[in-house]
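Just entry-v7.cif here, mmCIF, C-alpha atoms and all ligand atoms:
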```cif
data_upload
loop_
_atom_site.label_atom_id
_atom_site.label_comp_id
_atom_site.auth_asym_id
_atom_site.auth_seq_id
_atom_site.Cartn_x
_atom_site.Cartn_y
_atom_site.Cartn_z
CA MET O 19 0.00 0.00 0.00
CA LEU O 20 1.37 3.40 -1.02
CA ASP O 21 0.50 6.99 -0.19
CA ALA O 22 1.44 10.20 -1.98
CA PHE O 23 4.88 10.22 -0.29
CA SER O 24 5.84 6.56 -0.62
CA ARG O 25 4.58 6.67 -4.23
CA ALA O 26 7.05 9.51 -4.95
CA VAL O 27 9.89 7.48 -3.43
CA VAL O 28 9.03 4.27 -5.26
CA SER O 29 8.73 6.05 -8.62
CA ALA O 30 11.99 7.95 -8.15
CA ASP O 31 13.81 4.79 -7.08
CA ALA O 32 12.48 2.92 -10.11
CA SER O 33 14.32 5.38 -12.33
CA THR O 34 17.32 5.72 -9.94
CA SER O 35 16.70 9.43 -9.60
CA CYS O 36 16.19 11.97 -6.82
CA ILE O 37 12.74 13.31 -6.05
CA ASP O 38 12.47 16.08 -8.66
CA SER O 39 11.17 19.57 -8.01
CA GLY O 40 7.89 18.89 -9.83
CA LYS O 41 7.18 16.02 -7.44
CA ILE O 42 8.15 18.15 -4.44
CA GLY O 43 5.67 20.76 -5.67
CA GLU O 44 2.92 18.14 -5.86
CA LEU O 45 3.69 16.96 -2.34
CA ARG O 46 3.67 20.55 -1.13
CA GLY O 47 0.20 20.87 -2.64
CA TYR O 48 -0.85 17.71 -0.77
CA LEU O 49 0.39 19.23 2.51
CA ASN O 50 -1.13 22.64 1.86
CA ALA O 51 -4.54 21.09 1.27
CA ALA O 52 -4.19 18.50 4.05
CA ASN O 53 -6.91 19.94 6.26
CA ARG O 54 -9.32 20.11 3.35
CA ARG O 55 -8.45 16.54 2.51
CA LEU O 56 -9.27 15.44 6.06
CA ASP O 57 -12.56 17.34 5.86
CA ALA O 58 -13.35 15.60 2.57
CA VAL O 59 -12.61 12.18 4.09
CA ASN O 60 -14.78 13.07 7.07
CA ALA O 61 -17.58 14.31 4.82
CA ILE O 62 -17.77 10.85 3.26
CA ALA O 63 -16.96 8.72 6.33
CA SER O 64 -19.45 10.40 8.63
CA ASN O 65 -22.25 10.06 6.08
CA ALA O 66 -21.27 6.59 4.90
CA SER O 67 -24.11 4.46 6.19
CA CYS O 68 -26.72 6.88 4.85
CA MET O 69 -24.89 7.05 1.50
CA VAL O 70 -24.68 3.27 1.16
CA SER O 71 -28.29 2.56 2.06
CA ASP O 72 -29.49 5.33 -0.28
CA ALA O 73 -27.31 4.10 -3.15
CA ILE O 74 -28.43 0.47 -2.80
CA ALA O 75 -32.06 1.55 -2.43
CA GLY O 76 -31.74 3.67 -5.59
CA MET O 77 -30.13 0.80 -7.50
CA ILE O 78 -32.99 -1.53 -6.47
CA CYS O 79 -35.65 1.07 -7.15
CA GLU O 80 -34.42 1.28 -10.74
CA ASN O 81 -34.22 -2.51 -11.08
CA GLN O 82 -36.71 -4.25 -8.81
CA GLY O 83 -35.93 -7.69 -10.20
CA LEU O 84 -32.92 -7.62 -7.87
CA ILE O 85 -35.14 -8.24 -4.82
CA GLN O 86 -37.40 -10.81 -6.47
CA ALA O 87 -36.70 -14.55 -6.50
CA GLY O 88 -33.67 -15.11 -8.74
CA GLY O 89 -32.43 -11.55 -8.20
CA ASN O 90 -29.00 -11.15 -6.63
CA CYS O 91 -30.29 -9.12 -3.64
CA TYR O 92 -32.78 -11.91 -2.81
CA PRO O 93 -33.15 -13.32 -0.18
CA ASN O 94 -32.07 -11.13 2.77
CA ARG O 95 -28.73 -12.91 3.08
CA ARG O 96 -27.77 -11.51 -0.32
CA MET O 97 -29.31 -8.10 0.42
CA ALA O 98 -27.06 -7.94 3.50
CA ALA O 99 -24.01 -9.00 1.47
CA CYS O 100 -24.78 -6.28 -1.08
CA LEU O 101 -25.11 -3.56 1.57
CA ARG O 102 -21.89 -4.79 3.12
CA ASP O 103 -20.10 -4.65 -0.25
CA GLY O 104 -21.32 -1.05 -0.74
CA GLU O 105 -19.81 -0.17 2.63
CA ILE O 106 -16.55 -1.96 1.81
CA ILE O 107 -16.17 -0.11 -1.49
CA LEU O 108 -16.94 3.28 0.04
CA ARG O 109 -14.54 2.61 2.92
CA TYR O 110 -11.67 1.82 0.53
CA VAL O 111 -12.43 4.95 -1.49
CA THR O 112 -12.04 6.99 1.72
CA TYR O 113 -8.72 5.26 2.45
CA ALA O 114 -7.47 6.14 -1.05
CA LEU O 115 -8.61 9.74 -0.63
CA LEU O 116 -6.82 9.98 2.71
CA ALA O 117 -3.60 8.51 1.28
CA GLY O 118 -3.81 10.48 -1.97
CA ASP O 119 -3.12 7.23 -3.78
CA ALA O 120 -5.28 4.45 -5.24
CA SER O 121 -3.08 1.48 -4.37
CA VAL O 122 -4.93 0.54 -1.16
CA LEU O 123 -8.18 0.47 -3.14
CA ASP O 124 -6.65 -1.52 -5.99
CA ASP O 125 -4.78 -4.08 -3.88
CA ARG O 126 -7.20 -4.75 -1.05
CA CYS O 127 -10.61 -4.22 -2.59
CA LEU O 128 -10.67 -4.29 -6.40
CA ASN O 129 -8.09 -6.98 -7.12
CA GLY O 130 -10.12 -10.02 -8.20
CA LEU O 131 -13.49 -8.44 -7.40
CA LYS O 132 -14.76 -8.65 -10.99
CA GLU O 133 -13.92 -12.37 -11.08
CA THR O 134 -15.54 -12.95 -7.66
CA TYR O 135 -18.70 -11.22 -8.82
CA ALA O 136 -18.75 -13.18 -12.06
CA ALA O 137 -18.40 -16.45 -10.12
CA LEU O 138 -21.21 -15.52 -7.71
CA GLY O 139 -23.54 -14.08 -10.34
CA VAL O 140 -23.43 -10.58 -8.80
CA PRO O 141 -24.49 -8.27 -11.65
CA ALA O 142 -21.69 -5.82 -12.42
CA THR O 143 -24.00 -3.30 -14.10
CA SER O 144 -26.09 -2.96 -10.93
CA THR O 145 -23.02 -2.64 -8.74
CA VAL O 146 -21.71 0.03 -11.11
CA ARG O 147 -25.02 1.90 -10.78
CA ALA O 148 -24.74 1.88 -6.96
CA VAL O 149 -21.13 3.11 -7.22
CA GLN O 150 -22.22 5.91 -9.57
CA ILE O 151 -24.79 7.04 -7.03
CA MET O 152 -22.16 7.00 -4.26
CA LYS O 153 -19.86 9.03 -6.52
CA ALA O 154 -22.53 11.72 -6.91
CA GLN O 155 -23.27 11.68 -3.17
CA ALA O 156 -19.57 11.97 -2.30
CA ALA O 157 -19.17 14.98 -4.59
CA ALA O 158 -22.17 16.65 -2.94
CA HIS O 159 -20.84 15.97 0.57
CA ILE O 160 -17.26 17.11 -0.19
CA LYS O 161 -18.64 20.31 -1.74
CA ASP O 162 -20.99 20.46 1.26
CA GLU O 163 -23.83 21.04 -1.17
CA PRO O 164 -26.18 18.08 -0.63
CA SER O 165 -29.43 18.84 -2.47
CA GLU O 166 -32.60 19.27 -0.49
CA ALA O 167 -34.55 17.71 -3.33
CA ARG O 168 -32.70 14.42 -2.96
CA ALA O 169 -31.89 14.32 0.76
CA GLY O 170 -35.25 15.53 2.08
CA ALA O 171 -35.46 15.29 5.86
CA ARG O 172 -32.08 13.55 5.99
CA LEU O 173 -30.28 16.62 4.64
CA ARG O 174 -27.07 17.13 6.58
CA LYS O 175 -24.46 19.82 6.03
CA MET O 176 -20.93 19.68 7.37
CA GLY O 177 -20.62 23.46 7.67
CA SER O 178 -17.67 23.85 5.29
CA THR O 179 -16.15 27.33 5.13
CA VAL O 180 -14.44 26.74 1.77
CA THR O 181 -16.45 28.78 -0.68
CA GLU O 182 -14.18 29.78 -3.56
CA ASP O 183 -13.96 26.43 -5.37
CA ARG O 184 -15.99 24.02 -3.18
CA CYS O 185 -12.87 21.80 -2.94
CA ALA O 186 -13.05 21.07 -6.67
CA SER O 187 -9.73 19.21 -6.85
CA LEU O 188 -10.70 16.87 -4.00
CA VAL O 189 -14.06 16.25 -5.65
CA ALA O 190 -12.20 15.37 -8.86
CA GLU O 191 -9.78 13.10 -7.01
CA ALA O 192 -12.57 11.28 -5.12
CA SER O 193 -14.47 10.91 -8.40
CA SER O 194 -11.40 9.30 -9.97
CA TYR O 195 -11.40 6.61 -7.26
CA PHE O 196 -15.07 5.83 -7.89
CA ASP O 197 -14.26 5.69 -11.63
CA ARG O 198 -11.51 3.21 -10.80
CA VAL O 199 -14.06 0.96 -9.09
CA ILE O 200 -16.38 1.27 -12.08
CA SER O 201 -13.68 0.40 -14.61
CA ALA O 202 -12.44 -2.51 -12.47
CA LEU O 203 -15.93 -4.01 -12.59
CA SER O 204 -16.67 -3.22 -16.25
C1 LIG O 301 -12.24 -6.26 1.45
C2 LIG O 301 -12.65 -6.47 0.06
C3 LIG O 301 -13.81 -7.40 -0.15
C4 LIG O 301 -14.78 -7.28 -1.09
C5 LIG O 301 -14.94 -6.19 -2.07
C6 LIG O 301 -15.65 -8.43 -0.96
C7 LIG O 301 -16.72 -8.72 -1.78
C8 LIG O 301 -17.50 -9.92 -1.81
N1 LIG O 301 -18.84 -9.89 -2.06
C9 LIG O 301 -19.33 -11.15 -1.98
C10 LIG O 301 -20.66 -11.56 -2.11
C11 LIG O 301 -21.80 -10.82 -2.52
N2 LIG O 301 -21.85 -9.53 -2.98
C12 LIG O 301 -23.15 -9.20 -3.30
C13 LIG O 301 -23.45 -7.87 -3.83
C14 LIG O 301 -24.46 -7.43 -4.64
N3 LIG O 301 -25.51 -8.14 -5.16
C15 LIG O 301 -26.28 -7.36 -5.95
O1 LIG O 301 -27.26 -7.74 -6.58
C16 LIG O 301 -25.79 -5.97 -6.00
C17 LIG O 301 -25.58 -5.54 -7.42
C18 LIG O 301 -24.52 -6.03 -5.18
C19 LIG O 301 -24.46 -4.93 -4.10
C20 LIG O 301 -24.18 -3.59 -4.69
C21 LIG O 301 -23.96 -10.31 -2.99
C22 LIG O 301 -25.48 -10.41 -3.12
C23 LIG O 301 -23.12 -11.33 -2.52
C24 LIG O 301 -23.53 -12.74 -2.08
C25 LIG O 301 -23.69 -13.60 -3.30
C26 LIG O 301 -24.05 -15.03 -2.94
O2 LIG O 301 -23.55 -15.55 -1.93
O3 LIG O 301 -24.83 -15.61 -3.70
C27 LIG O 301 -18.22 -12.04 -1.70
C28 LIG O 301 -18.32 -13.53 -1.55
C29 LIG O 301 -18.20 -13.97 -0.10
C30 LIG O 301 -19.26 -13.38 0.76
O4 LIG O 301 -20.46 -13.56 0.50
O5 LIG O 301 -18.85 -12.68 1.70
C31 LIG O 301 -17.09 -11.27 -1.63
C32 LIG O 301 -15.69 -11.79 -1.41
N4 LIG O 301 -15.20 -9.17 0.08
C33 LIG O 301 -14.09 -8.60 0.60
O6 LIG O 301 -13.43 -9.06 1.56
#
```
Could I get this file's structure written as structure tokens?
Ligand SMILES: CCC1=C(C)/C(=C/C2=NC(=C\c3[nH]c(/C=C4\NC(=O)[C@H](C)[C@H]4CC)c(C)c3CCC(=O)O)/C(CCC(=O)O)=C2C)NC1=O
Amino acid sequence: MLDAFSRAVVSADASTSCIDSGKIGELRGYLNAANRRLDAVNAIASNASCMVSDAIAGMICENQGLIQAGGNCYPNRRMAACLRDGEIILRYVTYALLAGDASVLDDRCLNGLKETYAALGVPATSTVRAVQIMKAQAAAHIKDEPSEARAGARLRKMGSTVTEDRCASLVAEASSYFDRVISALS
């Protein structure tokens, strides 16, 4: 498992070179935005169970065959496994966002997941749909702009004071980890 710093070391060592000034600049950016990064991780982690249940409910709402006999969220044992998998995926996305590197997500969550799902008959397209919903939720929570229309009574704001760009680069980075999950399953 690598983070932004160990990744810089491993890449430099692979080409027997020193850490160049461009890399140092990137790491300085990581440090400068460290508090925002922690807020972004917290925005996802502290809303995780609501995000997962909403994403799985949305996925099922759009495809109700999943909870009928023969569907992969039927019976409750499979429904529970699906909710658990949503939580696992979201948890590894938060680890990657904290580390500023995707390797923890790749190595410990995504490696072999497509094959496992194929063997168990877990439909990848439905999983991808749930991940897409979590991606949209995560962006809303990092920006601290959850929509009233979608959240209703569950609307919860973190009280972010970042107004100029709504943490756009962290939203983009988190989105890239969700995209990684989607491409690993597709
Ligand atoms: C730490 C990394 C890690 C991951 C990622 C992981 C995933 C994982 N999900 C599994 C099962 C499962 N995963 C699902 C998930 C779903 N079914 C659907 O219809 C939806 C599309 C989807 C939820 C979004 C289901 C239903 C099962 C049980 C399948 C079965 O036993 O028939 C299994 C088989 C063993 C088990 O049931 O626990 C694994 C290994 N386990 C891990 O240790």
Hey, can you check how far CA of Ser194 in chain O sits from atom C1 of ligand LIG 301 (chain O)?
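These two atoms are separated by 19.3 Å.
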For ligand LIG 301 (chain O), which of O:Thr134, O:Ser204, O:Ser39, O:Ser193 is the closest residue, counting only C-alpha atoms and all ligand atoms?
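Nearest candidate to ligand LIG 301 (chain O) out of O:Thr134, O:Ser204, O:Ser39, O:Ser193: O:Thr134.
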Output the neighbourhood of ligand LIG 301 (chain O) as a CSV table (one decimal) with C-alpha atoms, in the frame of the given file, that is, all protein and nucleic acid residues with some atom at most 6 Å from the ligand, counting only C-alpha atoms and all ligand atoms.
```csv
chain,number,residue,atom,x,y,z
O,84,LEU,CA,-32.9,-7.6,-7.9
O,90,ASN,CA,-29.0,-11.2,-6.6
O,91,CYS,CA,-30.3,-9.1,-3.6
O,96,ARG,CA,-27.8,-11.5,-0.3
O,97,MET,CA,-29.3,-8.1,0.4
O,99,ALA,CA,-24.0,-9.0,1.5
O,100,CYS,CA,-24.8,-6.3,-1.1
O,101,LEU,CA,-25.1,-3.6,1.6
O,103,ASP,CA,-20.1,-4.6,-0.2
O,104,GLY,CA,-21.3,-1.0,-0.7
O,106,ILE,CA,-16.6,-2.0,1.8
O,126,ARG,CA,-7.2,-4.8,-1.0
O,127,CYS,CA,-10.6,-4.2,-2.6
O,131,LEU,CA,-13.5,-8.4,-7.4
O,138,LEU,CA,-21.2,-15.5,-7.7
O,140,VAL,CA,-23.4,-10.6,-8.8
O,141,PRO,CA,-24.5,-8.3,-11.6
O,144,SER,CA,-26.1,-3.0,-10.9
O,145,THR,CA,-23.0,-2.6,-8.7
O,148,ALA,CA,-24.7,1.9,-7.0
```
Rounded to one decimal in Å, what is the spacing between CA of Ala51 in chain O and CA of Ala32 in chain O?
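Value for the CA of Ala51 in chain O-CA of Ala32 in chain O distance: 27.4 Å.
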Quick one: axis-aligned box around all listed atoms of range 174-188 of chain O, 3 Å on every side, centre and edge lengths in Å to one decimal, written as lines of an AutoDock Vina configuration file.
```
center_x = -18.4
center_y = 23.3
center_z = 0.4
size_x = 23.3
size_y = 18.9
size_z = 20.5
```
Could you tell me which of O:Val146, O:Ala98, O:Leu188, O:Ala158 comes closest to Met69 in chain O if we count all atoms listed in the file?
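Distance minimum relative to Met69 in chain O lands on O:Ala158.
CA of Asn65 in chain O lies 11.8 Å from CA of Ala169 in chain O.
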Determine the nearest neighbour of Gly139 in chain O from the options O:Ala66, O:Gly89, O:Ala192, O:Thr34, counting all atoms listed in the file.
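Among the listed residues, O:Gly89 lies closest to Gly139 in chain O.
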List every protein, DNA or RNA residue that has an atom no more than 12 Å from (3.7, 16.6, -3.8) in the file's coordinate frame, counting all atoms listed in the file, and report them as a compact mmCIF listing (two decimals) with C-alpha atoms, in the frame of the given file.
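Final output, saved to point_15.txt:
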```
# COMPACT_ATOMS: atom_id res chain seq x y z
CA ASP O 21 0.50 6.99 -0.19
CA ALA O 22 1.44 10.20 -1.98
CA PHE O 23 4.88 10.22 -0.29
CA SER O 24 5.84 6.56 -0.62
CA ARG O 25 4.58 6.67 -4.23
CA ALA O 26 7.05 9.51 -4.95
CA VAL O 27 9.89 7.48 -3.43
CA ILE O 37 12.74 13.31 -6.05
CA ASP O 38 12.47 16.08 -8.66
CA SER O 39 11.17 19.57 -8.01
CA GLY O 40 7.89 18.89 -9.83
CA LYS O 41 7.18 16.02 -7.44
CA ILE O 42 8.15 18.15 -4.44
CA GLY O 43 5.67 20.76 -5.67
CA GLU O 44 2.92 18.14 -5.86
CA LEU O 45 3.69 16.96 -2.34
CA ARG O 46 3.67 20.55 -1.13
CA GLY O 47 0.20 20.87 -2.64
CA TYR O 48 -0.85 17.71 -0.77
CA LEU O 49 0.39 19.23 2.51
CA ASN O 50 -1.13 22.64 1.86
CA ALA O 51 -4.54 21.09 1.27
CA ALA O 52 -4.19 18.50 4.05
CA GLY O 118 -3.81 10.48 -1.97
CA ASP O 119 -3.12 7.23 -3.78
```
Find the residue from O:Met152, O:Val28, O:Leu173, O:Ala136 that sits nearest to Asp72 in chain O; use only C-alpha atoms when measuring.
O:Met152
Of the candidates O:Val189, O:Ala73, O:Val199, O:Cys79, which shows the shortest atom-to-atom distance to Ala142 in chain O, using only C-alpha atoms?
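Answer, going by the shortest atom-to-atom distance: O:Val199.
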Can you tell me, as a list in words, what residues are no more than 9 Å from Ile107 in chain O when counting only C-alpha atoms, ignoring any on the same chain fewer than 4 positions away?
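Using only C-alpha atoms, the neighbours found are Arg102, Asp103, Val111, Thr112, Leu123, Cys127, Leu128, Val149, Phe196 and Val199 of chain O.
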List the spatial neighbours of Arg168 in chain O as a list of chain:residue names - criterion: any atom at most 12 Å away, all atoms listed in the file, same-chain residues fewer than 2 positions off excluded.
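So, after excluding close chain neighbours, the residues are O:Met69, O:Asp72, O:Ala73, O:Gly76, O:Ile151, O:Ala154, O:Gln155, O:Ala158, O:Glu163, O:Pro164, O:Ser165, O:Glu166, O:Gly170, O:Ala171, O:Arg172, O:Leu173, O:Arg174.
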Any chance you can output those residues with C-alpha atoms as a short mmCIF file (atom, residue, chain, number, x, y, z; two decimals), in the frame of the given file?
```
data_model
loop_
_atom_site.label_atom_id
_atom_site.label_comp_id
_atom_site.auth_asym_id
_atom_site.auth_seq_id
_atom_site.Cartn_x
_atom_site.Cartn_y
_atom_site.Cartn_z
CA MET O 69 -24.89 7.05 1.50
CA ASP O 72 -29.49 5.33 -0.28
CA ALA O 73 -27.31 4.10 -3.15
CA GLY O 76 -31.74 3.67 -5.59
CA ILE O 151 -24.79 7.04 -7.03
CA ALA O 154 -22.53 11.72 -6.91
CA GLN O 155 -23.27 11.68 -3.17
CA ALA O 158 -22.17 16.65 -2.94
CA GLU O 163 -23.83 21.04 -1.17
CA PRO O 164 -26.18 18.08 -0.63
CA SER O 165 -29.43 18.84 -2.47
CA GLU O 166 -32.60 19.27 -0.49
CA GLY O 170 -35.25 15.53 2.08
CA ALA O 171 -35.46 15.29 5.86
CA ARG O 172 -32.08 13.55 5.99
CA LEU O 173 -30.28 16.62 4.64
CA ARG O 174 -27.07 17.13 6.58
#
```
Best match for closeness to Gly177 in chain O among O:Arg55, O:Ser35, O:Lys161, O:Ala190, counting all atoms listed in the file
O:Lys161
